[in-house]
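Colleague: Contents of run_6.pdb (PDB, C-alpha atoms):
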ATOM      1  CA  MET A   1     124.585 177.020  39.713
ATOM      2  CA  LEU A   2     123.621 176.002  43.255
ATOM      3  CA  THR A   3     127.178 176.868  44.317
ATOM      4  CA  ALA A   4     126.827 180.435  43.013
ATOM      5  CA  ILE A   5     123.482 180.889  44.794
ATOM      6  CA  PHE A   6     124.795 179.723  48.179
ATOM      7  CA  ILE A   7     128.018 181.747  47.937
ATOM      8  CA  THR A   8     126.071 184.858  46.932
ATOM      9  CA  ILE A   9     123.812 184.462  49.983
ATOM     10  CA  GLY A  10     126.872 184.033  52.199
ATOM     11  CA  VAL A  11     128.677 187.104  50.912
ATOM     12  CA  LEU A  12     125.473 189.127  51.287
ATOM     13  CA  PHE A  13     125.168 188.114  54.962
ATOM     14  CA  ASN A  14     128.845 188.971  55.510
ATOM     15  CA  LEU A  15     128.256 192.377  53.938
ATOM     16  CA  LEU A  16     125.329 193.086  56.294
ATOM     17  CA  GLY A  17     127.407 192.005  59.307
ATOM     18  CA  CYS A  18     130.280 194.291  58.380
ATOM     19  CA  ILE A  19     127.875 197.215  57.880
ATOM     20  CA  GLY A  20     126.760 196.437  61.433
ATOM     21  CA  ILE A  21     130.373 196.607  62.663
ATOM     22  CA  ILE A  22     130.746 200.088  61.195
ATOM     23  CA  ARG A  23     127.345 201.607  61.924
ATOM     24  CA  LEU A  24     126.103 200.422  65.331
ATOM     25  CA  PRO A  25     126.749 202.640  68.354
ATOM     26  CA  ASP A  26     127.782 200.211  71.098
ATOM     27  CA  THR A  27     130.273 197.375  71.645
ATOM     28  CA  TYR A  28     127.535 194.889  72.589
ATOM     29  CA  ASN A  29     125.409 195.779  69.547
ATOM     30  CA  ARG A  30     128.404 195.482  67.246
ATOM     31  CA  LEU A  31     129.403 192.050  68.538
ATOM     32  CA  GLN A  32     125.825 190.741  68.421
ATOM     33  CA  ALA A  33     125.170 191.839  64.836
ATOM     34  CA  ALA A  34     128.564 190.817  63.511
ATOM     35  CA  THR A  35     128.709 187.366  65.103
ATOM     36  CA  LYS A  36     125.262 186.244  63.955
ATOM     37  CA  CYS A  37     125.556 187.463  60.375
ATOM     38  CA  VAL A  38     129.167 186.466  59.730
ATOM     39  CA  THR A  39     128.761 182.968  61.187
ATOM     40  CA  LEU A  40     125.718 182.232  59.035
ATOM     41  CA  GLY A  41     127.415 183.731  55.963
ATOM     42  CA  CYS A  42     130.574 181.640  56.244
ATOM     43  CA  CYS A  43     128.526 178.477  56.891
ATOM     44  CA  SER A  44     126.567 179.228  53.715
ATOM     45  CA  ILE A  45     129.807 179.644  51.728
ATOM     46  CA  LEU A  46     130.985 176.247  53.016
ATOM     47  CA  VAL A  47     127.664 174.665  51.947
ATOM     48  CA  GLY A  48     128.369 176.072  48.483
ATOM     49  CA  VAL A  49     131.779 174.357  48.560
ATOM     50  CA  VAL A  50     130.060 171.041  49.407
ATOM     51  CA  PHE A  51     127.747 171.385  46.381
ATOM     52  CA  HIS A  52     130.655 172.248  44.105
ATOM     53  CA  PHE A  53     132.923 169.306  44.945
ATOM     54  CA  GLY A  54     130.257 166.623  45.220
ATOM     55  CA  LEU A  55     131.331 163.448  47.045
ATOM     56  CA  SER A  56     135.071 163.813  47.583
ATOM     57  CA  ASP A  57     137.679 164.657  50.213
ATOM     58  CA  ALA A  58     137.170 168.407  49.881
ATOM     59  CA  SER A  59     133.440 168.199  50.610
ATOM     60  CA  THR A  60     134.175 166.077  53.700
ATOM     61  CA  LYS A  61     136.539 168.753  54.967
ATOM     62  CA  ALA A  62     133.901 171.418  54.370
ATOM     63  CA  LEU A  63     131.276 169.345  56.218
ATOM     64  CA  VAL A  64     133.656 169.036  59.182
ATOM     65  CA  ALA A  65     134.408 172.759  59.096
ATOM     66  CA  ILE A  66     130.736 173.813  59.378
ATOM     67  CA  PRO A  67     130.028 172.611  62.989
ATOM     68  CA  VAL A  68     133.523 173.600  64.138
ATOM     69  CA  LEU A  69     132.935 177.135  62.867
ATOM     70  CA  PHE A  70     129.442 177.254  64.367
ATOM     71  CA  PHE A  71     130.425 176.251  67.896
ATOM     72  CA  ALA A  72     133.777 178.058  67.995
ATOM     73  CA  SER A  73     132.446 181.446  66.924
ATOM     74  CA  THR A  74     129.406 181.416  69.206
ATOM     75  CA  VAL A  75     131.309 180.260  72.307
ATOM     76  CA  GLY A  76     134.061 182.781  71.600
ATOM     77  CA  ALA A  77     131.569 185.630  71.257
ATOM     78  CA  HIS A  78     129.881 184.656  74.536
ATOM     79  CA  ALA A  79     133.203 184.655  76.408
ATOM     80  CA  LEU A  80     134.206 187.935  74.799
ATOM     81  CA  ILE A  81     131.003 189.724  75.747
ATOM     82  CA  ARG A  82     131.215 188.459  79.339
ATOM     83  CA  GLY A  83     134.769 189.760  79.546
ATOM     84  CA  THR A  84     133.640 193.074  78.103
ATOM     85  CA  TYR A  85     131.012 193.472  80.825
ATOM     86  CA  HIS A  86     133.498 192.670  83.576
ATOM     87  CA  PHE A  87     136.010 195.086  82.019
ATOM     88  CA  GLY A  88     133.570 197.913  82.776
ATOM     89  CA  ILE A  89     132.256 199.063  79.409
ATOM     90  CA  LYS A  90     128.886 200.796  79.887
ATOM     91  CA  LEU A  91     125.799 200.048  77.815
ATOM     92  CA  GLY A  92     124.770 202.509  75.109
ATOM     93  CA  LYS A  93     122.527 205.468  75.815
ATOM     94  CA  LYS A  94     119.475 203.938  74.130
ATOM     95  CA  SER A  95     119.656 200.656  76.074
ATOM     96  CA  VAL A  96     116.704 200.212  78.425
ATOM     97  CA  LYS A  97     117.307 196.990  80.386
ATOM     98  CA  ASP A  98     120.281 195.359  82.105
ATOM     99  CA  ASP A  99     119.399 191.987  83.614
ATOM    100  CA  TYR A 100     122.973 190.755  84.005
ATOM    101  CA  LYS A 101     123.693 193.353  86.693
ATOM    102  CA  GLU A 102     121.335 191.652  89.161
ATOM    103  CA  THR A 103     122.591 188.210  88.176
ATOM    104  CA  ILE A 104     126.236 188.719  89.092
ATOM    105  CA  LYS A 105     125.549 190.299  92.485
TER     106      LYS A 105
ATOM    107  CA  MET B   1     131.316 181.409  36.620
ATOM    108  CA  SER B   2     134.942 181.929  37.540
ATOM    109  CA  ASN B   3     134.705 185.638  36.799
ATOM    110  CA  TYR B   4     131.645 185.911  39.068
ATOM    111  CA  LEU B   5     133.462 184.134  41.909
ATOM    112  CA  ASP B   6     136.357 186.569  41.433
ATOM    113  CA  ILE B   7     134.011 189.474  42.172
ATOM    114  CA  LEU B   8     132.663 187.745  45.306
ATOM    115  CA  LEU B   9     136.227 187.027  46.465
ATOM    116  CA  TYR B  10     137.163 190.687  46.100
ATOM    117  CA  ILE B  11     134.061 191.703  48.076
ATOM    118  CA  GLN B  12     135.029 189.277  50.852
ATOM    119  CA  ILE B  13     138.594 190.627  51.010
ATOM    120  CA  GLY B  14     137.174 194.164  51.184
ATOM    121  CA  LEU B  15     135.018 193.135  54.157
ATOM    122  CA  SER B  16     138.089 191.897  56.015
ATOM    123  CA  VAL B  17     139.642 195.322  55.371
ATOM    124  CA  VAL B  18     136.549 196.801  57.070
ATOM    125  CA  CYS B  19     137.373 194.697  60.161
ATOM    126  CA  MET B  20     140.926 196.070  60.029
ATOM    127  CA  TYR B  21     139.383 199.567  60.091
ATOM    128  CA  ARG B  22     137.503 198.707  63.280
ATOM    129  CA  ILE B  23     140.692 197.283  64.816
ATOM    130  CA  ILE B  24     142.601 200.498  64.054
ATOM    131  CA  ILE B  25     140.066 203.152  65.116
ATOM    132  CA  GLY B  26     138.165 201.241  67.834
ATOM    133  CA  PRO B  27     137.698 203.579  70.804
ATOM    134  CA  THR B  28     138.176 200.930  73.504
ATOM    135  CA  ILE B  29     140.058 197.659  73.866
ATOM    136  CA  PRO B  30     136.990 195.340  73.499
ATOM    137  CA  ASP B  31     136.105 197.007  70.180
ATOM    138  CA  ARG B  32     139.472 195.996  68.785
ATOM    139  CA  MET B  33     138.949 192.442  70.044
ATOM    140  CA  VAL B  34     135.562 192.290  68.294
ATOM    141  CA  GLY B  35     137.283 193.275  65.053
ATOM    142  CA  ALA B  36     139.923 190.576  65.480
ATOM    143  CA  ASP B  37     137.301 187.908  66.233
ATOM    144  CA  ILE B  38     135.208 188.722  63.163
ATOM    145  CA  PHE B  39     138.335 188.908  60.998
ATOM    146  CA  GLY B  40     139.213 185.340  61.980
ATOM    147  CA  ILE B  41     135.795 184.111  60.826
ATOM    148  CA  LEU B  42     135.902 186.010  57.528
ATOM    149  CA  VAL B  43     139.236 184.441  56.537
ATOM    150  CA  VAL B  44     137.527 181.019  56.487
ATOM    151  CA  GLY B  45     135.155 182.254  53.784
ATOM    152  CA  ILE B  46     138.108 183.575  51.765
ATOM    153  CA  CYS B  47     139.832 180.162  52.033
ATOM    154  CA  ALA B  48     136.647 178.387  50.887
ATOM    155  CA  ILE B  49     136.230 180.566  47.774
ATOM    156  CA  ILE B  50     139.929 180.178  46.861
ATOM    157  CA  SER B  51     139.612 176.386  47.199
ATOM    158  CA  ILE B  52     136.774 176.423  44.660
ATOM    159  CA  GLN B  53     138.772 178.510  42.194
ATOM    160  CA  THR B  54     141.986 176.483  42.356
ATOM    161  CA  GLU B  55     140.232 173.064  42.740
ATOM    162  CA  LYS B  56     142.595 172.121  45.562
ATOM    163  CA  SER B  57     141.299 170.722  48.836
ATOM    164  CA  PHE B  58     144.191 171.449  51.206
ATOM    165  CA  ILE B  59     143.193 175.128  51.440
ATOM    166  CA  LEU B  60     140.159 174.031  53.485
ATOM    167  CA  ASP B  61     142.623 172.540  55.999
ATOM    168  CA  ILE B  62     144.099 176.009  56.419
ATOM    169  CA  GLY B  63     140.568 177.277  57.094
ATOM    170  CA  ILE B  64     139.871 174.693  59.820
ATOM    171  CA  ALA B  65     143.222 175.381  61.521
ATOM    172  CA  TRP B  66     142.502 179.114  61.348
ATOM    173  CA  ILE B  67     139.110 178.677  63.065
ATOM    174  CA  ILE B  68     140.640 176.749  65.960
ATOM    175  CA  LEU B  69     143.552 179.173  66.459
ATOM    176  CA  SER B  70     141.182 182.156  66.307
ATOM    177  CA  PHE B  71     138.930 180.482  68.913
ATOM    178  CA  ILE B  72     141.854 179.966  71.307
ATOM    179  CA  GLY B  73     142.993 183.543  70.763
ATOM    180  CA  THR B  74     139.529 184.934  71.464
ATOM    181  CA  LEU B  75     139.240 182.925  74.682
ATOM    182  CA  THR B  76     142.644 184.171  75.830
ATOM    183  CA  LEU B  77     141.723 187.804  75.149
ATOM    184  CA  ALA B  78     138.398 187.377  76.978
ATOM    185  CA  LYS B  79     140.243 185.932  79.964
ATOM    186  CA  TYR B  80     142.542 188.963  79.898
ATOM    187  CA  LEU B  81     139.538 191.304  79.881
ATOM    188  CA  THR B  82     138.077 189.826  83.070
ATOM    189  CA  GLY B  83     141.256 190.750  84.907
ATOM    190  CA  LYS B  84     142.386 187.283  85.958
ATOM    191  CA  LYS B  85     145.618 185.460  85.338
ATOM    192  CA  LEU B  86     145.680 182.687  82.760
ATOM    193  CA  ASN B  87     146.042 179.855  85.304
ATOM    194  CA  GLU B  88     143.057 180.566  87.572
TER     195      GLU B  88
END
Would you encode the structure as structure tokens?
Modeller:
Amino acid sequence: MLTAIFITIGVLFNLLGCIGIIRLPDTYNRLQAATKCVTLGCCSILVGVVFHFGLSDASTKALVAIPVLFFASTVGAHALIRGTYHFGIKLGKKSVKDDYKETIK
Amino acid sequence: MSNYLDILLYIQIGLSVVCMYRIIIGPTIPDRMVGADIFGILVVGICAIISIQTEKSFILDIGIAWIILSFIGTLTLAKYLTGKKLNE
């Protein structure tokens, strides 16, 4: 029962993140929404796997996968968004503040 | 229980198809890379749900290997976007 609850929460977060990929107007907005929601959703699915298998080898693998997924996806998104800024993609029309422009001068 | 997890698995596969849509129609190159990055994370969730349904634990190994390969791929693409060579 606990497994179904955690996996439902995870799939719901993934659904919201993918709606963000489709709907948002800007590359930076898309990456921000998608990375946060999808990382939390997949971690929640892996927590559901831990509750399903109990104390066994599969739950150990899931417990190892959670921090690997957390650090890998966030560091990758940071590098990707820095590369996007250096590539020359402009901010969206409704953006009001750009602090990184003064930082890299 | 198994029928309910089937529905969630189909929803998750449909979400990865949404990422494919962003990869195909993305107006610029970084949009396509965002789609590829998110696709690599979603596959881990698919592997986890399949490992519950089949009661086999080696599918989680595939998930862990997929995370690490997707991370290296994302870093390589980000390095390409900044305009430098891979050895500097």
Colleague: With all atoms listed in the file considered, list every residue of chain B at most 8 Å from chain A, as number ranges by chain.
Modeller: B: 1, 5, 8, 11-12, 15, 18-19, 22, 30-31, 34, 37-38, 41-42, 44-45, 48-49, 52, 56-58, 60-61, 63-64, 67-68, 71, 74-75, 77-83
Colleague: Those selected residues, please, written with C-alpha atoms and delivered as an mmCIF file, in the coordinates of the input.
Modeller:
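Result written to selection.cif:
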data_model
loop_
_atom_site.group_PDB
_atom_site.id
_atom_site.type_symbol
_atom_site.label_atom_id
_atom_site.label_comp_id
_atom_site.auth_asym_id
_atom_site.auth_seq_id
_atom_site.Cartn_x
_atom_site.Cartn_y
_atom_site.Cartn_z
ATOM 1 C CA MET B 1 131.316 181.409 36.620
ATOM 2 C CA LEU B 5 133.462 184.134 41.909
ATOM 3 C CA LEU B 8 132.663 187.745 45.306
ATOM 4 C CA ILE B 11 134.061 191.703 48.076
ATOM 5 C CA GLN B 12 135.029 189.277 50.852
ATOM 6 C CA LEU B 15 135.018 193.135 54.157
ATOM 7 C CA VAL B 18 136.549 196.801 57.070
ATOM 8 C CA CYS B 19 137.373 194.697 60.161
ATOM 9 C CA ARG B 22 137.503 198.707 63.280
ATOM 10 C CA PRO B 30 136.990 195.340 73.499
ATOM 11 C CA ASP B 31 136.105 197.007 70.180
ATOM 12 C CA VAL B 34 135.562 192.290 68.294
ATOM 13 C CA ASP B 37 137.301 187.908 66.233
ATOM 14 C CA ILE B 38 135.208 188.722 63.163
ATOM 15 C CA ILE B 41 135.795 184.111 60.826
ATOM 16 C CA LEU B 42 135.902 186.010 57.528
ATOM 17 C CA VAL B 44 137.527 181.019 56.487
ATOM 18 C CA GLY B 45 135.155 182.254 53.784
ATOM 19 C CA ALA B 48 136.647 178.387 50.887
ATOM 20 C CA ILE B 49 136.230 180.566 47.774
ATOM 21 C CA ILE B 52 136.774 176.423 44.660
ATOM 22 C CA LYS B 56 142.595 172.121 45.562
ATOM 23 C CA SER B 57 141.299 170.722 48.836
ATOM 24 C CA PHE B 58 144.191 171.449 51.206
ATOM 25 C CA LEU B 60 140.159 174.031 53.485
ATOM 26 C CA ASP B 61 142.623 172.540 55.999
ATOM 27 C CA GLY B 63 140.568 177.277 57.094
ATOM 28 C CA ILE B 64 139.871 174.693 59.820
ATOM 29 C CA ILE B 67 139.110 178.677 63.065
ATOM 30 C CA ILE B 68 140.640 176.749 65.960
ATOM 31 C CA PHE B 71 138.930 180.482 68.913
ATOM 32 C CA THR B 74 139.529 184.934 71.464
ATOM 33 C CA LEU B 75 139.240 182.925 74.682
ATOM 34 C CA LEU B 77 141.723 187.804 75.149
ATOM 35 C CA ALA B 78 138.398 187.377 76.978
ATOM 36 C CA LYS B 79 140.243 185.932 79.964
ATOM 37 C CA TYR B 80 142.542 188.963 79.898
ATOM 38 C CA LEU B 81 139.538 191.304 79.881
ATOM 39 C CA THR B 82 138.077 189.826 83.070
ATOM 40 C CA GLY B 83 141.256 190.750 84.907
#
Colleague: One decimal, in Å: what's the spacing between atom CA of Arg32 of chain B and atom CA of Lys93 of chain A?
Modeller: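 Atom-to-atom, atom CA of Arg32 of chain B to atom CA of Lys93 of chain A, that is 20.6 Å.
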Colleague: Go ahead and compute the interatomic distance for atom CA of Phe39 of chain B and atom CA of Ser16 of chain B, in Å to one decimal.
Modeller: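 That distance, rounded to one decimal, is 5.8 Å.
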Colleague: Have a look at atom CA of Ile50 of chain B and atom CA of Gly35 of chain B and let me know their distance in Å, one decimal.
Modeller: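 Separating atom CA of Ile50 of chain B from atom CA of Gly35 of chain B is a distance of 22.6 Å.
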Colleague: Some atoms are absent from segment 56-87 of chain B, so rebuild N, CA and C atoms and return them as a short mmCIF file (atom, residue, chain, number, x, y, z; two decimals), in the frame of the given file.
Modeller:
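Final output, out.cif:
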data_model
loop_
_atom_site.label_atom_id
_atom_site.label_comp_id
_atom_site.auth_asym_id
_atom_site.auth_seq_id
_atom_site.Cartn_x
_atom_site.Cartn_y
_atom_site.Cartn_z
N LYS B 56 141.72 172.85 44.64
CA LYS B 56 142.60 172.12 45.56
C LYS B 56 141.92 172.07 46.93
N SER B 57 142.07 170.91 47.61
CA SER B 57 141.30 170.72 48.84
C SER B 57 142.09 171.05 50.08
N PHE B 58 143.44 171.23 49.96
CA PHE B 58 144.19 171.45 51.21
C PHE B 58 144.00 172.85 51.76
N ILE B 59 143.41 173.77 50.95
CA ILE B 59 143.19 175.13 51.44
C ILE B 59 142.10 175.13 52.51
N LEU B 60 141.17 174.15 52.43
CA LEU B 60 140.16 174.03 53.48
C LEU B 60 140.78 173.62 54.82
N ASP B 61 141.91 172.87 54.76
CA ASP B 61 142.62 172.54 56.00
C ASP B 61 143.14 173.80 56.69
N ILE B 62 143.65 174.73 55.86
CA ILE B 62 144.10 176.01 56.42
C ILE B 62 142.94 176.72 57.11
N GLY B 63 141.74 176.64 56.49
CA GLY B 63 140.57 177.28 57.09
C GLY B 63 140.22 176.69 58.45
N ILE B 64 140.22 175.35 58.55
CA ILE B 64 139.87 174.69 59.82
C ILE B 64 140.89 175.05 60.90
N ALA B 65 142.19 175.03 60.53
CA ALA B 65 143.22 175.38 61.52
C ALA B 65 143.07 176.83 61.95
N TRP B 66 142.67 177.70 61.01
CA TRP B 66 142.50 179.11 61.35
C TRP B 66 141.34 179.33 62.31
N ILE B 67 140.24 178.56 62.13
CA ILE B 67 139.11 178.68 63.06
C ILE B 67 139.57 178.34 64.48
N ILE B 68 140.30 177.21 64.62
CA ILE B 68 140.64 176.75 65.96
C ILE B 68 141.61 177.72 66.63
N LEU B 69 142.60 178.22 65.86
CA LEU B 69 143.55 179.17 66.46
C LEU B 69 142.86 180.48 66.83
N SER B 70 141.91 180.93 66.00
CA SER B 70 141.18 182.16 66.31
C SER B 70 140.31 181.99 67.55
N PHE B 71 139.75 180.78 67.72
CA PHE B 71 138.93 180.48 68.91
C PHE B 71 139.78 180.55 70.18
N ILE B 72 140.98 179.94 70.12
CA ILE B 72 141.85 179.97 71.31
C ILE B 72 142.30 181.39 71.61
N GLY B 73 142.59 182.16 70.55
CA GLY B 73 142.99 183.54 70.76
C GLY B 73 141.90 184.38 71.37
N THR B 74 140.65 184.18 70.91
CA THR B 74 139.53 184.93 71.46
C THR B 74 139.31 184.60 72.93
N LEU B 75 139.42 183.30 73.27
CA LEU B 75 139.24 182.92 74.68
C LEU B 75 140.33 183.53 75.56
N THR B 76 141.56 183.58 75.04
CA THR B 76 142.64 184.17 75.83
C THR B 76 142.42 185.66 76.06
N LEU B 77 141.97 186.37 75.00
CA LEU B 77 141.72 187.80 75.15
C LEU B 77 140.56 188.07 76.10
N ALA B 78 139.52 187.20 76.07
CA ALA B 78 138.40 187.38 76.98
C ALA B 78 138.82 187.15 78.42
N LYS B 79 139.72 186.18 78.61
CA LYS B 79 140.24 185.93 79.96
C LYS B 79 141.05 187.13 80.45
N TYR B 80 141.78 187.76 79.53
CA TYR B 80 142.54 188.96 79.90
C TYR B 80 141.60 190.09 80.28
N LEU B 81 140.45 190.19 79.60
CA LEU B 81 139.54 191.30 79.88
C LEU B 81 138.92 191.19 81.26
N THR B 82 138.69 189.95 81.76
CA THR B 82 138.08 189.83 83.07
C THR B 82 139.05 190.13 84.20
N GLY B 83 140.31 190.32 83.89
CA GLY B 83 141.26 190.75 84.91
C GLY B 83 141.89 189.64 85.69
N LYS B 84 141.77 188.38 85.22
CA LYS B 84 142.39 187.28 85.96
C LYS B 84 143.66 186.84 85.25
N LYS B 85 144.45 186.06 85.97
CA LYS B 85 145.62 185.46 85.34
C LYS B 85 145.18 184.26 84.50
N LEU B 86 146.08 183.75 83.68
CA LEU B 86 145.68 182.69 82.76
C LEU B 86 145.56 181.33 83.44
N ASN B 87 146.07 181.18 84.68
CA ASN B 87 146.04 179.86 85.30
C ASN B 87 145.01 179.76 86.42
#
